[in-house]
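Data first, discussion second: the structure below is written as structure tokens.
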Amino acid sequence: YNEYKSYLRSCSYKLMNGLMDDQQLQQLVVFCEQLYQASNLNDRRQAENVLNELMNSPDAIDKCIHILKRAPSSYTVLWCSSCLMRLLQRDRLFVLTEKKLEIRNTCLGYLATQPSEPFLVQSLTRLLVKVIKLGWFESVNDEHVFRKTIDDVQTFIKRDVPSCTVGIYILSCLIDEINESSTVRSLVRQRKIVSSFRDESLKSLFNLGLTSVKQLPVSTVNNDHGSAKLMENILQLLLCCLTFDFIGTAPEESTDDTGTLQIPTAWRSAFVSEDLLPMFYDLAISLPTNLSEKALQILVQLVSVRRSLFSTVERKKYLQSIMDGIKKVLDNGSRLSEPGCYHQFCRLLAKLKCNYQLNELVDIDGYEGIINTVAKFTISSLENWHFSANSIHYLLSLWQRLSTAVPYVKNEKEHYLSIYAPQISKTYLKSRLEMVLGVLRDGLDDPLDDIGTLHQQLDLLSTMIRIEYASNCNAVISLLEEAVTAFQNASNLSLQNLTILENRLTWLILIIGSMIGGRVSFQVNDENDTLDGRLICSVLRVLQISDNRLEQHGSKNLEIGFIYFFDQFRRIYIGEQVNRPSQVYKVLAETLGLTEESLLLSILVNKIITNLKYWSKNVDIVDETMQLFNNLSIGYTCVRKMSKLDAIKLMLANHNADHFPFLGNYSSECLKTRRTFYQALGRILLVDLGEDEDKFLEFMKPLTEVTDQILQQLASNQFAYSEEQVQLQTIGLACDLRGLALSFTNKSCFSMFFDWLYPKYLPIFGAALNRWTSSEHVSSAVLKFIAEVVVNKSQRLMFEVSSPNGILLFREVSKLLCEYGERLLALRDIPEDRMYSTKLKPVSICFGILRSALAGGYVNFGVFKLYGDECHLNAINMFIKLLGSLPDRALIEYPKLSSSYYALMDVVTQDHMTMLGNVDPNVIVYMLSTLSEGIASVDVTISTACCSSLDNIISFLFRKTRQKDSGEAMIVEKLRDIVESQNNVFQQTIASIVHIILFEECKNQWSMSRPMLGLVLLNQEYFKELQQNVISMQPPDKQPLLAKCFDNLMEGVEGNLLGKNRDRFTQNMALFRRDLNNLIQPPNQKPLSQSSDQVMMFYS
């Protein structure tokens, strides 16, 4: 390996001096082929290490360009293009325009040779479009050479079919690259590029695509592979144009099926053309399957075009064309047998109601026939549920939106939804019941296993099923009564037949839950509420039968159905805004004798307890049950009624593994469930607790017993079963107590909790961390519990003035952090795949604990120094040690770690600066550099914390320098020496802030202004130099105006950091930014935009 590296250095030298011969270049080819083709892992790693050294060399870009020009082999070209991609992303601010232009020309030249390998075309195209985007605002001899690439690529299109295919592919990739926001750090710069590209080039590319589609005969596409590939790329180009982020909303994929397409007004002529939609409908019918799917994707976007693009007459014609095309596709039906085309067509149907009102749909010619055809298609799709189950959501979405609009229809024409919506609802129910047998017989995926998708479909069904509600209810009740009769006599059924019956009952109960959940307050009537009451009674009857058989047999699916039903029932009929005299309660009283809401609550709570007892090993049921319990405990009225129930009193007194076996399950899947359980119990306990300490201790008895057992075994080092069992019990205990700490938000209750915890039990958790330091599960559970305890939310930790509890808590936490931190630092050779869970995550939580403890306001830290207690100093020192032990790029690569670090730095620099006096100067320098880097973070929280930290440091030095006789003079002098010796860090910070103010979207301008004044006062000469450099980069006619802006920035500002002076500077900075926005040229002009990167190079 060392010989390879030495050889590579020799090759690199010769390469840059034009001396590399063919044999030496061939060795590089071997490395590249070895990297991509070697079957031996060690060979690949060896090649990767050698080539990485080339990539990490100072002049790597020049080397890769030279190799790329010689193009010795396909894999060498692939590696060079990939390497250049990474280098451009990493060093994009420091790559000169000439180098970018050289890369662009090399890529274009290679692509012009029509490489046969698809992976080469893809890799080189990605590199080319990346360079174009990075250089979009750059110019050579007053010409935007990178924008000119679009014209250069169009020369490909005028040649033969293979060249045209490559050219169209390049343009498609360019649109995707321009539209991709993650490739540019600055959102403002991204919007400038997007806006410029949209205004200058996108329309012409869309028109190019339309022209190309029209010129390419369908018959040729169907018979020639090259033409088919060209058509695929053309359709992709059009799709990229239509999915472009026109207005900067950066929509997520999850909103793709609900949003509208914001086509610019300048494109209007293309969309009012009468042949646009028919052309793509014809293509969807006549092209091969894969291309037909692409045409349907384009139609999905065309249906979404914003309404305001058209006049009233044009909009009606456009909608008529859409509906005619839909009927044409349905009547033809040849392509809908293919899953991909079928899925896209379902998306197209769902888009209809997103953009057009039901009044408009009803008013088109042939509406009756079209809605009839769509309804038949939907019914057929539901009946053939096994064909494309993922597409059903879109069809249900269409009918749900149409059904929602029924009350608002003002058109006199018939909408026919009262006919078709009930048919579709009943077909859905019928198909789900038939599906049960097919799933068991054929071993297909069971939709009941996908709870998320299932709930989405039921939510959509809940609206349309309310149309002709009486008919739907009677049908469901009839089916349910038939199933219940069979369920009562199920003792003689085989296991398979019993499973079929239970799953059918599950579907019926789920749909009843959906029907209950579809009730809306402004459409309430007594008849529908009476029907709801009948449905609820039927389900409660099934529940009774099922629970009576749980000891012999139970159904997971049936239990999931019950939980969903109860959650919908809770949401509609139990809560703060429920109409008490509802007909539902009258039916329940007459049928089941449930005369009060508390009796219904009792049924829900008993079901929760039953599930937690009998289904403790089923994680899905326990999770869903616990979510229901948690939702019940959140309601203000509901939780007060629950607290009076005998079942709840039983839970409060017996929350242990004997009564609730799931508490004996310590698997990682159940930890969140345990926390939620105790969080809900804590809320219920608080209702009537007041200051009754005896009641609190009675509640804590089950936890006290577990804690005493753990304490005894850890103290004696003798374990009743095994050390692993005690470890699991400790994890479970930490989760349980964390749940209680989350719910104990008032002072009196938390004081009782703290008195129970300290001094007897809190040391257990420190001992657990010390004993099982390398266990990520122990560290995570215990540290998260401690992190919750030290948070002073709702002032719960503000103890009485005579109480030392705040000081005692900090001492204990400091001791825990220091002891655990030392053991964490002693861990060596942690595998890279476990680095985060074993070390970085615990360090992040430790930073959060220390931050909460320092900022809580319940400790007078001066006491520790006064009485010679070093716990405060030790905690800060441990923070410094942990920080120094982090890997180089940890703060950049792990967002949670960086967030906790910067939040802690804000607190430390605010009130604890004197504690940094004895810290190694190199550590202080490192902290300052991280703060300087953090200011430029895209995360506003981190950027603001860094601004605040720097402001705290500078203000401390200014303030303490004036206090000549203070006892901290030596510390201040040391810190000042460090700061003065590291002016480059502060200068870089000034440059970063100026860059953000000038060229980026500054979301925290006020925060940026606070440290800026101190930094300028400390570096006045540098600020003047920077100011002159920025001014000199602007056009001569604007330089005096920009100089005036900088002068105004310091107008009336004095050389101090008093509050009044700070406010003056903050006001000036706001005016400075406003004036710059008025002064700066439009983004599509070159001077300032080009200077942005040049200024950043000057900053470095």
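Ligands are numbered from 1 in the order shown, residues from 1 within each chain, and chains are lettered A, B, ... in the order they appear in the structure tokens.
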Would you kindly return, as a PDB file with N, CA and C atoms, in the first residue's frame, each protein, DNA or RNA residue with an atom no farther than 7 Å from any atom of region 691-708 of chain A, considering only C-alpha atoms and excluding same-chain residues fewer than 6 positions away?
```
ATOM      1  N   LEU A 652     -53.807   3.024  39.641  1.00  0.00           N
ATOM      2  CA  LEU A 652     -52.925   3.892  40.422  1.00  0.00           C
ATOM      3  C   LEU A 652     -52.303   3.164  41.601  1.00  0.00           C
ATOM      4  N   ALA A 653     -52.982   2.138  42.088  1.00  0.00           N
ATOM      5  CA  ALA A 653     -52.470   1.425  43.260  1.00  0.00           C
ATOM      6  C   ALA A 653     -51.667   0.180  42.900  1.00  0.00           C
ATOM      7  N   ASN A 654     -51.816  -0.321  41.666  1.00  0.00           N
ATOM      8  CA  ASN A 654     -51.211  -1.616  41.334  1.00  0.00           C
ATOM      9  C   ASN A 654     -50.516  -1.606  39.974  1.00  0.00           C
ATOM     10  N   HIS A 655     -49.766  -0.581  39.705  1.00  0.00           N
ATOM     11  CA  HIS A 655     -49.065  -0.503  38.416  1.00  0.00           C
ATOM     12  C   HIS A 655     -47.738  -1.249  38.490  1.00  0.00           C
ATOM     13  N   ASN A 656     -47.829  -2.570  38.524  1.00  0.00           N
ATOM     14  CA  ASN A 656     -46.632  -3.408  38.549  1.00  0.00           C
ATOM     15  C   ASN A 656     -46.778  -4.547  37.561  1.00  0.00           C
ATOM     16  N   SER A 748     -45.685  21.574  43.684  1.00  0.00           N
ATOM     17  CA  SER A 748     -45.941  20.743  44.863  1.00  0.00           C
ATOM     18  C   SER A 748     -45.727  19.269  44.562  1.00  0.00           C
ATOM     19  N   MET A 752     -42.626  16.592  45.922  1.00  0.00           N
ATOM     20  CA  MET A 752     -42.804  15.272  46.542  1.00  0.00           C
ATOM     21  C   MET A 752     -42.011  14.217  45.776  1.00  0.00           C
TER      22      MET A 752
END
```
Within region 495-583 of chain A, find each residue whose DSSP state, derived from the backbone, is alpha helix (DSSP H), and express the selection as a short mmCIF file (atom, residue, chain, number, x, y, z; two decimals) with N, CA, C and O atoms, in the first residue's frame.
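Output file states.cif is given in full below:
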```cif
data_model
loop_
_atom_site.label_atom_id
_atom_site.label_comp_id
_atom_site.auth_asym_id
_atom_site.auth_seq_id
_atom_site.Cartn_x
_atom_site.Cartn_y
_atom_site.Cartn_z
N LEU A 495 -59.75 -23.47 13.11
CA LEU A 495 -58.96 -22.26 13.37
C LEU A 495 -58.96 -21.33 12.17
O LEU A 495 -59.07 -20.10 12.32
N GLN A 496 -58.88 -21.90 10.95
CA GLN A 496 -58.87 -21.06 9.76
C GLN A 496 -60.20 -20.34 9.58
O GLN A 496 -60.24 -19.14 9.29
N ASN A 497 -61.29 -21.04 9.75
CA ASN A 497 -62.60 -20.42 9.60
C ASN A 497 -62.85 -19.38 10.69
O ASN A 497 -63.48 -18.35 10.44
N LEU A 498 -62.34 -19.65 11.90
CA LEU A 498 -62.48 -18.68 12.98
C LEU A 498 -61.69 -17.42 12.67
O LEU A 498 -62.16 -16.30 12.92
N THR A 499 -60.49 -17.59 12.09
CA THR A 499 -59.67 -16.43 11.71
C THR A 499 -60.36 -15.60 10.65
O THR A 499 -60.36 -14.36 10.69
N ILE A 500 -60.99 -16.30 9.67
CA ILE A 500 -61.72 -15.57 8.62
C ILE A 500 -62.86 -14.77 9.23
O ILE A 500 -63.06 -13.59 8.90
N LEU A 501 -63.59 -15.39 10.14
CA LEU A 501 -64.71 -14.70 10.79
C LEU A 501 -64.23 -13.50 11.60
O LEU A 501 -64.82 -12.41 11.54
N GLU A 502 -63.13 -13.67 12.33
CA GLU A 502 -62.60 -12.57 13.14
C GLU A 502 -62.10 -11.42 12.28
O GLU A 502 -62.32 -10.24 12.62
N ASN A 503 -61.46 -11.72 11.18
CA ASN A 503 -60.97 -10.65 10.31
C ASN A 503 -62.12 -9.90 9.63
O ASN A 503 -62.04 -8.69 9.41
N ARG A 504 -63.19 -10.62 9.30
CA ARG A 504 -64.36 -9.93 8.75
C ARG A 504 -65.00 -9.03 9.80
O ARG A 504 -65.42 -7.90 9.49
N LEU A 505 -65.08 -9.51 11.02
CA LEU A 505 -65.57 -8.66 12.11
C LEU A 505 -64.68 -7.44 12.28
O LEU A 505 -65.16 -6.34 12.55
N THR A 506 -63.37 -7.66 12.12
CA THR A 506 -62.43 -6.54 12.25
C THR A 506 -62.74 -5.46 11.22
O THR A 506 -62.81 -4.26 11.55
N TRP A 507 -62.95 -5.86 9.96
CA TRP A 507 -63.26 -4.87 8.92
C TRP A 507 -64.56 -4.15 9.21
O TRP A 507 -64.67 -2.93 9.04
N LEU A 508 -65.55 -4.87 9.69
CA LEU A 508 -66.83 -4.23 10.01
C LEU A 508 -66.67 -3.22 11.14
O LEU A 508 -67.22 -2.11 11.08
N ILE A 509 -65.90 -3.57 12.15
CA ILE A 509 -65.71 -2.66 13.28
C ILE A 509 -64.89 -1.45 12.86
O ILE A 509 -65.16 -0.31 13.28
N LEU A 510 -63.87 -1.67 12.01
CA LEU A 510 -63.08 -0.55 11.51
C LEU A 510 -63.95 0.43 10.72
O LEU A 510 -63.84 1.65 10.87
N ILE A 511 -64.82 -0.12 9.88
CA ILE A 511 -65.66 0.75 9.06
C ILE A 511 -66.70 1.46 9.93
O ILE A 511 -67.02 2.63 9.69
N ILE A 512 -67.19 0.79 10.96
CA ILE A 512 -68.10 1.47 11.90
C ILE A 512 -67.36 2.61 12.61
O ILE A 512 -67.92 3.70 12.78
N GLY A 513 -66.12 2.37 12.98
CA GLY A 513 -65.32 3.45 13.58
C GLY A 513 -65.17 4.62 12.61
O GLY A 513 -65.26 5.79 13.01
N SER A 514 -64.97 4.28 11.33
CA SER A 514 -64.86 5.34 10.32
C SER A 514 -66.17 6.10 10.18
O SER A 514 -66.18 7.33 10.04
N MET A 515 -67.29 5.39 10.24
CA MET A 515 -68.60 6.03 10.14
C MET A 515 -68.84 6.98 11.32
O MET A 515 -69.34 8.09 11.15
N ILE A 516 -68.48 6.53 12.50
CA ILE A 516 -68.62 7.39 13.69
C ILE A 516 -67.72 8.61 13.56
O ILE A 516 -68.12 9.75 13.84
N GLY A 517 -66.49 8.40 13.10
CA GLY A 517 -65.53 9.50 12.97
C GLY A 517 -65.90 10.51 11.91
O GLY A 517 -65.39 11.64 11.92
N ASP A 526 -80.81 14.17 14.56
CA ASP A 526 -81.15 13.12 15.52
C ASP A 526 -81.20 11.75 14.86
O ASP A 526 -80.84 10.73 15.49
N GLU A 527 -81.65 11.69 13.62
CA GLU A 527 -81.74 10.39 12.95
C GLU A 527 -80.37 9.74 12.81
O GLU A 527 -80.20 8.55 13.10
N ASN A 528 -79.38 10.52 12.37
CA ASN A 528 -78.02 9.98 12.22
C ASN A 528 -77.41 9.61 13.55
O ASN A 528 -76.69 8.60 13.67
N ASP A 529 -77.67 10.42 14.59
CA ASP A 529 -77.14 10.10 15.91
C ASP A 529 -77.76 8.82 16.46
O ASP A 529 -77.10 8.03 17.15
N THR A 530 -79.02 8.61 16.15
CA THR A 530 -79.67 7.36 16.56
C THR A 530 -79.01 6.16 15.88
O THR A 530 -78.77 5.12 16.50
N LEU A 531 -78.70 6.33 14.60
CA LEU A 531 -78.00 5.27 13.86
C LEU A 531 -76.61 5.03 14.45
O LEU A 531 -76.17 3.88 14.57
N ASP A 532 -75.93 6.12 14.82
CA ASP A 532 -74.62 5.96 15.49
C ASP A 532 -74.76 5.15 16.77
O ASP A 532 -73.92 4.30 17.08
N GLY A 533 -75.83 5.43 17.52
CA GLY A 533 -76.05 4.69 18.76
C GLY A 533 -76.23 3.21 18.50
O GLY A 533 -75.70 2.36 19.23
N ARG A 534 -76.97 2.87 17.45
CA ARG A 534 -77.15 1.45 17.11
C ARG A 534 -75.82 0.80 16.73
O ARG A 534 -75.55 -0.35 17.13
N LEU A 535 -75.00 1.53 15.96
CA LEU A 535 -73.70 0.99 15.58
C LEU A 535 -72.82 0.74 16.80
O LEU A 535 -72.16 -0.30 16.91
N ILE A 536 -72.82 1.71 17.71
CA ILE A 536 -71.99 1.59 18.91
C ILE A 536 -72.44 0.40 19.76
O ILE A 536 -71.62 -0.38 20.27
N CYS A 537 -73.75 0.24 19.91
CA CYS A 537 -74.26 -0.89 20.69
C CYS A 537 -73.84 -2.22 20.07
O CYS A 537 -73.47 -3.17 20.79
N SER A 538 -73.85 -2.29 18.76
CA SER A 538 -73.46 -3.52 18.07
C SER A 538 -72.00 -3.86 18.34
O SER A 538 -71.64 -5.02 18.58
N VAL A 539 -71.15 -2.84 18.29
CA VAL A 539 -69.72 -3.08 18.53
C VAL A 539 -69.48 -3.49 19.98
O VAL A 539 -68.67 -4.39 20.26
N LEU A 540 -70.16 -2.85 20.91
CA LEU A 540 -69.99 -3.21 22.32
C LEU A 540 -70.44 -4.64 22.59
O LEU A 540 -69.88 -5.32 23.46
N ARG A 541 -71.41 -5.08 21.84
CA ARG A 541 -71.85 -6.47 21.97
C ARG A 541 -70.74 -7.43 21.51
O ARG A 541 -70.46 -8.44 22.16
N VAL A 542 -70.11 -7.11 20.37
CA VAL A 542 -68.99 -7.93 19.89
C VAL A 542 -67.85 -7.90 20.90
O VAL A 542 -67.19 -8.92 21.16
N LEU A 543 -67.60 -6.74 21.46
CA LEU A 543 -66.52 -6.60 22.45
C LEU A 543 -66.73 -7.52 23.63
O LEU A 543 -65.78 -8.17 24.11
N GLN A 544 -67.95 -7.59 24.11
CA GLN A 544 -68.24 -8.44 25.27
C GLN A 544 -67.96 -9.90 24.95
O GLN A 544 -67.35 -10.63 25.75
N ILE A 545 -68.41 -10.35 23.77
CA ILE A 545 -68.18 -11.74 23.38
C ILE A 545 -66.69 -12.02 23.26
O ILE A 545 -66.19 -13.05 23.72
N SER A 546 -65.97 -11.11 22.62
CA SER A 546 -64.53 -11.30 22.39
C SER A 546 -63.75 -11.35 23.70
O SER A 546 -62.90 -12.22 23.89
N ASP A 547 -64.04 -10.42 24.60
CA ASP A 547 -63.30 -10.38 25.87
C ASP A 547 -63.57 -11.61 26.72
O ASP A 547 -62.69 -12.06 27.48
N ASN A 548 -64.77 -12.16 26.63
CA ASN A 548 -65.09 -13.37 27.40
C ASN A 548 -64.28 -14.57 26.93
O ASN A 548 -64.15 -15.55 27.67
N LYS A 556 -55.52 -10.60 17.19
CA LYS A 556 -54.81 -9.32 17.17
C LYS A 556 -55.55 -8.31 16.30
O LYS A 556 -55.74 -7.15 16.70
N ASN A 557 -55.98 -8.73 15.12
CA ASN A 557 -56.66 -7.79 14.22
C ASN A 557 -57.94 -7.26 14.83
O ASN A 557 -58.26 -6.07 14.70
N LEU A 558 -58.67 -8.12 15.50
CA LEU A 558 -59.92 -7.69 16.13
C LEU A 558 -59.64 -6.66 17.22
O LEU A 558 -60.38 -5.67 17.35
N GLU A 559 -58.58 -6.85 17.96
CA GLU A 559 -58.24 -5.89 19.02
C GLU A 559 -57.83 -4.54 18.42
O GLU A 559 -58.19 -3.48 18.94
N ILE A 560 -57.08 -4.56 17.33
CA ILE A 560 -56.72 -3.32 16.65
C ILE A 560 -57.98 -2.59 16.16
O ILE A 560 -58.09 -1.36 16.23
N GLY A 561 -58.97 -3.38 15.68
CA GLY A 561 -60.23 -2.79 15.25
C GLY A 561 -60.97 -2.13 16.40
O GLY A 561 -61.50 -1.01 16.27
N PHE A 562 -61.01 -2.80 17.56
CA PHE A 562 -61.67 -2.21 18.73
C PHE A 562 -61.00 -0.89 19.14
O PHE A 562 -61.68 0.09 19.46
N ILE A 563 -59.68 -0.88 19.13
CA ILE A 563 -58.97 0.33 19.57
C ILE A 563 -59.26 1.49 18.62
O ILE A 563 -59.49 2.62 19.06
N TYR A 564 -59.26 1.20 17.31
CA TYR A 564 -59.57 2.26 16.34
C TYR A 564 -60.99 2.78 16.57
O TYR A 564 -61.23 4.00 16.55
N PHE A 565 -61.92 1.87 16.77
CA PHE A 565 -63.31 2.27 17.00
C PHE A 565 -63.40 3.16 18.25
O PHE A 565 -64.05 4.21 18.23
N PHE A 566 -62.77 2.75 19.33
CA PHE A 566 -62.86 3.52 20.58
C PHE A 566 -62.19 4.89 20.43
O PHE A 566 -62.65 5.87 21.03
N ASP A 567 -61.13 4.94 19.63
CA ASP A 567 -60.47 6.24 19.45
C ASP A 567 -61.37 7.20 18.68
O ASP A 567 -61.45 8.39 19.00
N GLN A 568 -62.07 6.69 17.66
CA GLN A 568 -63.02 7.53 16.94
C GLN A 568 -64.20 7.92 17.82
O GLN A 568 -64.65 9.07 17.80
N PHE A 569 -64.67 6.99 18.61
CA PHE A 569 -65.77 7.27 19.53
C PHE A 569 -65.36 8.33 20.56
O PHE A 569 -66.12 9.26 20.86
N ARG A 570 -64.14 8.19 21.08
CA ARG A 570 -63.64 9.19 22.04
C ARG A 570 -63.58 10.57 21.42
O ARG A 570 -63.98 11.57 22.04
N ARG A 571 -63.10 10.64 20.19
CA ARG A 571 -62.92 11.92 19.54
C ARG A 571 -64.25 12.63 19.27
O ARG A 571 -64.33 13.86 19.36
N ILE A 572 -65.30 11.86 18.99
CA ILE A 572 -66.59 12.46 18.61
C ILE A 572 -67.52 12.63 19.81
O ILE A 572 -68.18 13.67 19.95
N TYR A 573 -67.57 11.63 20.68
CA TYR A 573 -68.60 11.63 21.72
C TYR A 573 -68.07 11.75 23.15
O TYR A 573 -68.86 11.75 24.09
N GLN A 583 -78.59 12.06 20.85
CA GLN A 583 -79.43 10.87 20.73
C GLN A 583 -78.62 9.59 20.95
O GLN A 583 -79.19 8.56 21.31
#
```
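Picture a line from CA of Cys83 (chain A) to CA of His995 (chain A); it runs 28.3 Å.
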Region 26-39 of chain A environment, 8 Å, only C-alpha atoms, sequence neighbours closer than 2 positions dropped, as a compact mmCIF listing (two decimals) with all heavy atoms, in the first residue's frame:
```txt
# COMPACT_ATOMS: atom_id res chain seq x y z
N ASP A 22 2.19 6.68 -20.92
CA ASP A 22 1.02 5.80 -21.02
C ASP A 22 1.06 4.68 -19.98
O ASP A 22 0.02 4.28 -19.45
CB ASP A 22 0.96 5.19 -22.43
CG ASP A 22 0.66 6.25 -23.48
OD1 ASP A 22 0.13 7.32 -23.09
OD2 ASP A 22 0.94 6.02 -24.66
N GLN A 23 2.26 4.17 -19.68
CA GLN A 23 2.36 3.08 -18.71
C GLN A 23 1.94 3.54 -17.32
O GLN A 23 1.23 2.84 -16.60
CB GLN A 23 3.80 2.56 -18.69
CG GLN A 23 3.98 1.37 -17.73
CD GLN A 23 5.42 0.85 -17.74
OE1 GLN A 23 6.25 1.37 -18.49
NE2 GLN A 23 5.68 -0.15 -16.93
N GLN A 24 2.38 4.74 -16.96
CA GLN A 24 2.02 5.25 -15.64
C GLN A 24 0.52 5.59 -15.56
O GLN A 24 -0.13 5.36 -14.54
CB GLN A 24 2.85 6.49 -15.33
CG GLN A 24 4.33 6.16 -15.14
CD GLN A 24 5.20 7.40 -15.21
OE1 GLN A 24 4.86 8.37 -15.89
NE2 GLN A 24 6.33 7.35 -14.52
N LEU A 41 -12.72 -7.61 -1.35
CA LEU A 41 -12.96 -6.40 -0.59
C LEU A 41 -11.66 -5.66 -0.27
O LEU A 41 -11.60 -4.43 -0.34
CB LEU A 41 -13.70 -6.73 0.71
CG LEU A 41 -14.04 -5.56 1.63
CD1 LEU A 41 -14.95 -4.56 0.91
CD2 LEU A 41 -14.71 -6.06 2.91
N ASP A 43 -8.90 -5.62 -2.01
CA ASP A 43 -8.41 -4.95 -3.22
C ASP A 43 -9.15 -3.63 -3.46
O ASP A 43 -8.55 -2.61 -3.82
CB ASP A 43 -8.58 -5.86 -4.44
CG ASP A 43 -7.63 -7.04 -4.39
OD1 ASP A 43 -6.65 -6.99 -3.61
OD2 ASP A 43 -7.86 -8.03 -5.12
N ARG A 44 -10.46 -3.66 -3.24
CA ARG A 44 -11.23 -2.43 -3.43
C ARG A 44 -10.83 -1.36 -2.41
O ARG A 44 -10.72 -0.18 -2.75
CB ARG A 44 -12.73 -2.74 -3.30
CG ARG A 44 -13.32 -3.42 -4.51
CD ARG A 44 -14.81 -3.13 -4.66
NE ARG A 44 -15.56 -3.48 -3.46
CZ ARG A 44 -16.07 -4.68 -3.22
NH1 ARG A 44 -15.89 -5.65 -4.10
NH2 ARG A 44 -16.75 -4.91 -2.12
N ARG A 45 -10.64 -1.78 -1.17
CA ARG A 45 -10.24 -0.81 -0.15
C ARG A 45 -8.87 -0.22 -0.47
O ARG A 45 -8.63 0.97 -0.26
CB ARG A 45 -10.21 -1.49 1.22
CG ARG A 45 -11.60 -1.73 1.81
CD ARG A 45 -11.50 -2.43 3.15
NE ARG A 45 -12.82 -2.59 3.75
CZ ARG A 45 -13.05 -3.32 4.85
NH1 ARG A 45 -12.02 -3.95 5.45
NH2 ARG A 45 -14.26 -3.41 5.34
N ALA A 47 -7.49 0.15 -3.44
CA ALA A 47 -7.64 1.10 -4.54
C ALA A 47 -8.31 2.38 -4.06
O ALA A 47 -7.94 3.49 -4.46
CB ALA A 47 -8.46 0.45 -5.66
N GLU A 48 -9.31 2.23 -3.18
CA GLU A 48 -10.01 3.41 -2.67
C GLU A 48 -9.06 4.30 -1.88
O GLU A 48 -9.08 5.53 -2.01
CB GLU A 48 -11.17 2.96 -1.79
CG GLU A 48 -12.01 4.11 -1.27
CD GLU A 48 -13.18 3.63 -0.43
OE1 GLU A 48 -13.24 2.41 -0.13
OE2 GLU A 48 -14.02 4.46 -0.07
N VAL A 50 -5.81 4.57 -2.16
CA VAL A 50 -4.85 5.22 -3.06
C VAL A 50 -5.50 6.38 -3.81
O VAL A 50 -4.95 7.49 -3.89
CB VAL A 50 -4.29 4.18 -4.06
CG1 VAL A 50 -3.45 4.88 -5.13
CG2 VAL A 50 -3.44 3.14 -3.33
N LEU A 51 -6.69 6.14 -4.34
CA LEU A 51 -7.37 7.18 -5.10
C LEU A 51 -7.86 8.31 -4.20
O LEU A 51 -7.93 9.46 -4.64
CB LEU A 51 -8.53 6.57 -5.89
CG LEU A 51 -8.12 5.59 -7.00
CD1 LEU A 51 -9.33 4.89 -7.58
CD2 LEU A 51 -7.33 6.31 -8.08
N PRO A 72 -8.52 7.70 -20.41
CA PRO A 72 -7.87 6.43 -20.72
C PRO A 72 -8.81 5.23 -20.68
O PRO A 72 -8.56 4.24 -21.36
CB PRO A 72 -6.80 6.31 -19.63
CG PRO A 72 -7.30 7.18 -18.50
CD PRO A 72 -8.06 8.28 -19.13
N SER A 73 -9.88 5.27 -19.86
CA SER A 73 -10.82 4.15 -19.80
C SER A 73 -12.14 4.63 -19.22
O SER A 73 -12.22 5.72 -18.61
CB SER A 73 -10.27 3.00 -18.93
OG SER A 73 -10.36 3.34 -17.56
N TYR A 75 -13.88 3.44 -16.67
CA TYR A 75 -13.92 3.52 -15.21
C TYR A 75 -13.06 4.66 -14.68
O TYR A 75 -13.35 5.23 -13.63
CB TYR A 75 -13.48 2.19 -14.60
CG TYR A 75 -14.51 1.10 -14.80
CD1 TYR A 75 -14.27 0.03 -15.66
CD2 TYR A 75 -15.74 1.15 -14.14
CE1 TYR A 75 -15.22 -0.96 -15.86
CE2 TYR A 75 -16.69 0.17 -14.32
CZ TYR A 75 -16.43 -0.89 -15.18
OH TYR A 75 -17.38 -1.84 -15.37
N THR A 76 -12.02 5.02 -15.41
CA THR A 76 -11.22 6.18 -15.01
C THR A 76 -12.04 7.46 -15.16
O THR A 76 -12.03 8.34 -14.30
CB THR A 76 -9.94 6.27 -15.85
OG1 THR A 76 -9.26 5.03 -15.82
CG2 THR A 76 -9.02 7.36 -15.31
N TRP A 79 -14.56 7.57 -12.34
CA TRP A 79 -13.99 7.98 -11.05
C TRP A 79 -13.67 9.48 -11.08
O TRP A 79 -13.95 10.19 -10.09
CB TRP A 79 -12.73 7.19 -10.75
CG TRP A 79 -12.11 7.64 -9.45
CD1 TRP A 79 -12.47 7.26 -8.20
CD2 TRP A 79 -11.06 8.60 -9.30
NE1 TRP A 79 -11.70 7.93 -7.26
CE2 TRP A 79 -10.83 8.75 -7.91
CE3 TRP A 79 -10.29 9.34 -10.19
CZ2 TRP A 79 -9.87 9.61 -7.40
CZ3 TRP A 79 -9.32 10.20 -9.68
CH2 TRP A 79 -9.12 10.33 -8.31
```
Rounded to one decimal in Å, what is the spacing between CA of Tyr585 (chain A) and CA of Phe487 (chain A)?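 Pair CA of Tyr585 (chain A) / CA of Phe487 (chain A) returns 26.5 Å.
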